[in-house]
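S.K.: Before anything else, here's the structure in question.
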Amino acid sequence: MKKAFWYNFKQLLIVLLASLATAVSIELLLLPSNVVCGGALGVAGILDILLTGTDPAKWFISVGIWLIVANFPIIISTFFFFRKRFAIKTMLYVLFLGAELIVFRVCNLSEVFKQVMVAEGEEMDKVLYVLLGGALHGVSFPLMLSVNASTGGSDIVGLIAQRHTKKSGSDAMRVILATNIGIVLLAAIAYYIVTRDGVESINMFVYSVAAMFISEIVQEMIFKGFSAAVELEVTTEKPIEMSEALQNELKHGTTTVKVVGGYSHQEKSMVLCIINKRQLTRARRIISQVDPSAFAYVENVREVIGMGFANKEMEMEENQESDK
């Protein structure tokens, strides 16, 4: 019972941190720079820019409220298409994020942040705001995926499209990105219709797309970090000892194949082992201890499917299976 409590508490904390990262990126960095994201946040952001600006007195029609409204039908759909736990955690993320955005607006934290940066002599230009905002926003989706949930909006649209078209997780990401770019384009057009400021509308589109691509890059770097691996290929005269040492110390399986040296023409054995990158230093030490005369080299592995390695695309696909 206690173990289940702490597990659920940890999951809830990660959802809260993910929503807070998004709230900071949107309210303190991107919206003050007239930059919007894609998906439901993009819709909420453009409505906020057009209707409320940065007026804290209009919190009741600010980005937090619009985000909850825009996500409401999408969240409802998650209970029909996905597992209940997945849907509940996604709903909590949206509610947390909406509440945080409202609190940030009521407290006028964007203006406080700006004044603090000016007072410290560290006032940043728009490009840096976009870079930091996009990077911080990119952290949220991997955090939510780590607890088998999503951030709502276009992420859910992409997952539903993946489910019905039987495409891979990478294809789902492309659907999400295309949807987000389309929403940003509509936001720029809407902004031009209201303000008739063509230059600022173009700037909004360019900077918003840049922020989204930065977010995608950060996500991709985090996803690769989950399954970053290398292949060890060790040519040794002690294959049994080498194999046992690698398996016992690194907790990964090995494969032994017979090889013939091109120079000596002597038959030897090659031990193959896929390990995490962080284990490479320990692997070098093991090889040196077992057989100092062994010849080994390392190759980067793009992706690993199997026990002992995380695969976030597969987890994403598993989340699409509804409870039965």
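In the structure tokens, chains take the letters A, B, ... in the order shown, each chain's residues start at 1, and ligands count up from 1 in the order shown.
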Pick out the residues sitting within 12 Å of A:Leu97, and hand them over as a PyMOL selection string; count only C-alpha atoms, and ignore anything fewer than 6 positions along from it in its own chain.
M.R.: chain A and resi 15-27+41+63-68+71+90-91+103-104+137+140+151-152
S.K.: Please list as a list in words every residue within 8 Å of A:Leu246, counting only C-alpha atoms and excluding residues in the same chain fewer than 6 positions away.
M.R.: His252, Gly253, Thr254, Cys273, Ala283 and Ile286 of chain A
S.K.: Where in stretch 16-233 of chain A does DSSP assign alpha helix (DSSP H), given as a PyMOL selection string?
M.R.: chain A and resi 16-24+39-51+63-81+84-106+109-119+126-146+154-165+169-195+198-226
S.K.: Run DSSP on the backbone of this structure and report the residues of stretch 163-274 of chain A it assigns to strand (DSSP E or B), as an MDAnalysis selection string.
M.R.: chainID A and resid 229:236 254:260 267:274
S.K.: Tell me which of A:Val43, A:Leu30, A:Leu109, A:Val218 sits closest to A:Lys126, counting only C-alpha atoms.
M.R.: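 When distances to A:Lys126 are compared using only C-alpha atoms, the smallest one comes from A:Leu30.
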S.K.: Atom CA of A:Ile193 and atom CA of A:Val206, how far apart in Å?
M.R.: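 Distance between the two atoms: 17.3 Å.
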S.K.: Would you please work out which residue, of A:Ala210, A:Val234, A:Ile49, A:Val147, is nearest to A:Ser293 when using only C-alpha atoms?
M.R.: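 Among A:Ala210, A:Val234, A:Ile49, A:Val147, it is A:Val234 that comes nearest to A:Ser293.
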